[in-house]
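A short worksheet on the structure shown next.
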Amino acid sequence: MQPAAYDLESRHPGWPARLGPIRVAAGDVAVRPIRLRDAGDWSRTRLRDQEHLEPWEPTGPGPWRDRNSYWSWPAQWTALRSLARRGQCLPYTITLDGEFAGQITVGNVIRASLRSAWVGYWVSSSVVKGGVATAAVALVVDHAFSSAGLHRIEATVRPENTPSIKVLTKAGFRQEGLFKRYLDVAGDWRDHYCYAMTVEESGPGLVARLVAAGRAEYL
Ligand SMILES: CC(C)(COP(=O)(O)OP(=O)(O)OC[C@H]1O[C@@H](n2cnc3c(N)ncnc32)[C@H](O)[C@@H]1OP(=O)(O)O)[C@@H](O)C(=O)NCCC(=O)NCCS
């Protein structure tokens, strides 16, 4: 159910929150607000996983090792937390069995008559193919449609990114179209499919649907 109009007047409905855990093949998946002390796990994982992550992420300034160093996290954490406090973003860490496993962010939150946002995510190469990203997307989108009061969530993905397309499809997103030369990723303008879901399409909830499909279990 969507929150009443007066709840939506809060500047950051739904923030902060801890979501899950739910059990999938890889283990128990939960999401929680990003922390300053994620720096070590965040940087270690991303420095090791450059090949796994770089082809799908927006091009950034400077070399990968600088942008993902231990000391680059505090500035990113501060920027994301400040957006979260203003109700423009919900930045989460994904955990698997209580350990750092990746990030999932609901960004560009627009309220008023649009009540829309995008979702973006990545997980460590050490945990892929176990349902972790799908579980995180389901937890976060259910939260976005309930406590956070949003109506539509969008995700853009390169046509070559088969695993991410599978995540969105399993979570119940619908493909809406192709954005030509949409985003500067890995050094060039890349086409992206647009996937989306509205609250009406989420039915009993994404987690409930994963559980019904045998892809997840409540704990
Ligand atoms: C995309 C990503 C988040 C998926 O994470 P994940 O935890 O492995 O996702 P899930 O296990 O929930 O689902 C992935 C699905 O893709 C499948 N898959 C993985 N690699 C595949 C490949 N090379 N070809 C075909 N299918 C593949 C998995 O088997 C799984 O499907 P299944 O459940 O039917 O078996 C992860 O690979 C990642 O972080 N990639 C780099 C960053 C990125 O692409 N972010 C998204 C940008 S839009």
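A note on labels: chains of the structure tokens are A, B, ... as shown, every chain counts residues from 1, and ligands are counted from 1 in their shown order.
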Using only C-alpha atoms and all ligand atoms, what does the table of chain A residues within 9 Å of ligand 1 look like, with each row giving the shortest atom pair and its distance in Å to one decimal, sorted by chain and ascending number, as CSV?
```
residue,atom,partner,partner_atom_place_in_ligand_line,distance
A:Val24,CA,ligand 1,12 (O),8.9
A:Ala25,CA,ligand 1,11 (O),8.5
A:Ala26,CA,ligand 1,11 (O),8.2
A:Asp49,CA,ligand 1,41 (C),8.8
A:Glu51,CA,ligand 1,41 (C),8.9
A:His52,CA,ligand 1,41 (C),5.5
A:Leu53,CA,ligand 1,41 (C),4.4
A:Glu54,CA,ligand 1,42 (C),7.6
A:Pro55,CA,ligand 1,44 (O),7.7
A:Trp56,CA,ligand 1,44 (O),5.0
A:Glu57,CA,ligand 1,47 (C),6.6
A:Gly102,CA,ligand 1,39 (O),7.5
A:Gln103,CA,ligand 1,39 (O),8.8
A:Val119,CA,ligand 1,48 (S),8.8
A:Gly120,CA,ligand 1,48 (S),6.3
A:Tyr121,CA,ligand 1,45 (N),5.2
A:Trp122,CA,ligand 1,39 (O),3.4
A:Val123,CA,ligand 1,39 (O),3.9
A:Ser124,CA,ligand 1,39 (O),6.1
A:Ser125,CA,ligand 1,39 (O),6.8
A:Val127,CA,ligand 1,7 (O),6.3
A:Val128,CA,ligand 1,8 (O),3.3
A:Lys129,CA,ligand 1,11 (O),3.4
A:Gly130,CA,ligand 1,11 (O),4.2
A:Gly131,CA,ligand 1,12 (O),3.2
A:Val132,CA,ligand 1,7 (O),3.9
A:Ala133,CA,ligand 1,7 (O),3.9
A:Thr134,CA,ligand 1,12 (O),3.8
A:Ala135,CA,ligand 1,12 (O),6.4
A:Ala136,CA,ligand 1,12 (O),8.2
A:Val137,CA,ligand 1,12 (O),8.6
A:Ala155,CA,ligand 1,48 (S),7.0
A:Thr156,CA,ligand 1,48 (S),5.9
A:Val157,CA,ligand 1,48 (S),4.1
A:Arg158,CA,ligand 1,48 (S),6.6
A:Asn161,CA,ligand 1,44 (O),6.2
A:Thr162,CA,ligand 1,25 (C),5.4
A:Pro163,CA,ligand 1,16 (O),3.5
A:Ser164,CA,ligand 1,1 (C),3.8
A:Ile165,CA,ligand 1,16 (O),7.5
A:Lys166,CA,ligand 1,15 (C),5.0
A:Val167,CA,ligand 1,13 (O),4.7
A:Leu168,CA,ligand 1,13 (O),8.5
A:Lys170,CA,ligand 1,34 (O),7.6
A:Ala171,CA,ligand 1,12 (O),8.8
A:His192,CA,ligand 1,48 (S),8.8
A:Arg215,CA,ligand 1,33 (O),7.9
```
Contacts of segment 34-61 of chain A with segment 74-94 of chain A up to 8 Å, shortest pair per row, only C-alpha atoms, as a Markdown table:
```
| residue | atom | partner | partner_atom | distance |
| --- | --- | --- | --- | --- |
| A:Ile34 | CA | A:Tyr92 | CA | 5.0 |
| A:Arg35 | CA | A:Trp77 | CA | 7.2 |
| A:Leu36 | CA | A:Pro74 | CA | 6.2 |
| A:Ala39 | CA | A:Pro74 | CA | 7.3 |
```
What are the DSSP alpha helix (DSSP H) residues of segment 94-160 of chain A, as a ChimeraX atom specification? /A:132-145
Excluding Arg174 of chain A and any residue of its chain fewer than 3 positions from it, enumerate the residues within 10 Å of it, using only C-alpha atoms, and give them as a VMD selection string. chain A and resid 154 to 155 168 to 169 171 177 194 to 198 201
Spatial neighbours of Arg18 of chain A, 8 Å, only C-alpha atoms, chain gap at least 5 places, as number ranges by chain: A: 30-33
Interatomic distance (Å, one decimal) between atom CA of Arg44 of chain A and atom CA of Ser69 of chain A: 8.1 Å
To one decimal in Å, tell me the separation between atom CA of Phe100 of chain A and atom CA of Arg48 of chain A.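 These two atoms are separated by 14.2 Å.
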With only C-alpha atoms as the basis for distance, which of A:Gly149, A:Asn68, A:Leu219, A:Asp184 is at the shortest distance from Arg46 of chain A?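 Closest to Arg46 of chain A, using only C-alpha atoms: A:Asn68.
DSSP on the backbone gives strand (DSSP E or B) for these parts of segment 117-160 of chain A: A:Ala117, A:Trp118, A:Val119, A:Gly120, A:Tyr121, A:Trp122, A:Val123, A:Arg152, A:Ile153, A:Glu154, A:Ala155, A:Thr156, A:Val157.
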Would you put the residues from that selection into a file with N, CA and C atoms, as a PDB file, in the first residue's frame?
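Result file follows (result-v5.pdb):
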```pdb
ATOM      1  N   ALA A 117      12.246   6.998  -9.662  1.00  0.00           N
ATOM      2  CA  ALA A 117      13.685   6.921  -9.381  1.00  0.00           C
ATOM      3  C   ALA A 117      14.286   5.826 -10.254  1.00  0.00           C
ATOM      4  N   TRP A 118      15.641   5.762 -10.282  1.00  0.00           N
ATOM      5  CA  TRP A 118      16.296   4.610 -10.922  1.00  0.00           C
ATOM      6  C   TRP A 118      16.914   3.720  -9.859  1.00  0.00           C
ATOM      7  N   VAL A 119      17.156   2.468 -10.199  1.00  0.00           N
ATOM      8  CA  VAL A 119      17.906   1.582  -9.314  1.00  0.00           C
ATOM      9  C   VAL A 119      19.160   1.104 -10.052  1.00  0.00           C
ATOM     10  N   GLY A 120      20.296   1.079  -9.326  1.00  0.00           N
ATOM     11  CA  GLY A 120      21.556   0.578  -9.881  1.00  0.00           C
ATOM     12  C   GLY A 120      22.231  -0.314  -8.853  1.00  0.00           C
ATOM     13  N   TYR A 121      23.023  -1.295  -9.309  1.00  0.00           N
ATOM     14  CA  TYR A 121      23.570  -2.283  -8.374  1.00  0.00           C
ATOM     15  C   TYR A 121      24.826  -2.924  -8.953  1.00  0.00           C
ATOM     16  N   TRP A 122      25.647  -3.451  -8.063  1.00  0.00           N
ATOM     17  CA  TRP A 122      26.748  -4.334  -8.452  1.00  0.00           C
ATOM     18  C   TRP A 122      27.011  -5.278  -7.282  1.00  0.00           C
ATOM     19  N   VAL A 123      27.534  -6.466  -7.598  1.00  0.00           N
ATOM     20  CA  VAL A 123      27.940  -7.385  -6.525  1.00  0.00           C
ATOM     21  C   VAL A 123      29.346  -7.907  -6.813  1.00  0.00           C
ATOM     22  N   ARG A 152       7.233   4.589  -9.484  1.00  0.00           N
ATOM     23  CA  ARG A 152       7.865   3.958 -10.654  1.00  0.00           C
ATOM     24  C   ARG A 152       9.369   3.850 -10.416  1.00  0.00           C
ATOM     25  N   ILE A 153       9.938   2.692 -10.754  1.00  0.00           N
ATOM     26  CA  ILE A 153      11.388   2.499 -10.673  1.00  0.00           C
ATOM     27  C   ILE A 153      11.875   2.065 -12.047  1.00  0.00           C
ATOM     28  N   GLU A 154      12.965   2.697 -12.448  1.00  0.00           N
ATOM     29  CA  GLU A 154      13.532   2.448 -13.780  1.00  0.00           C
ATOM     30  C   GLU A 154      14.940   1.882 -13.614  1.00  0.00           C
ATOM     31  N   ALA A 155      15.367   1.064 -14.570  1.00  0.00           N
ATOM     32  CA  ALA A 155      16.755   0.588 -14.584  1.00  0.00           C
ATOM     33  C   ALA A 155      17.211   0.577 -16.030  1.00  0.00           C
ATOM     34  N   THR A 156      18.421   1.062 -16.288  1.00  0.00           N
ATOM     35  CA  THR A 156      18.952   1.020 -17.642  1.00  0.00           C
ATOM     36  C   THR A 156      20.115   0.059 -17.664  1.00  0.00           C
ATOM     37  N   VAL A 157      20.235  -0.686 -18.770  1.00  0.00           N
ATOM     38  CA  VAL A 157      21.223  -1.764 -18.830  1.00  0.00           C
ATOM     39  C   VAL A 157      21.715  -1.926 -20.267  1.00  0.00           C
TER      40      VAL A 157
END
```
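Minimum atom-to-atom distance to Asp97 of chain A, evaluated using only C-alpha atoms, belongs to A:Ile22 out of A:Ile22, A:Val109, A:Leu47, A:Ala213.
Here atom CA of Leu178 of chain A and atom CA of Pro204 of chain A stand 28.4 Å from one another.
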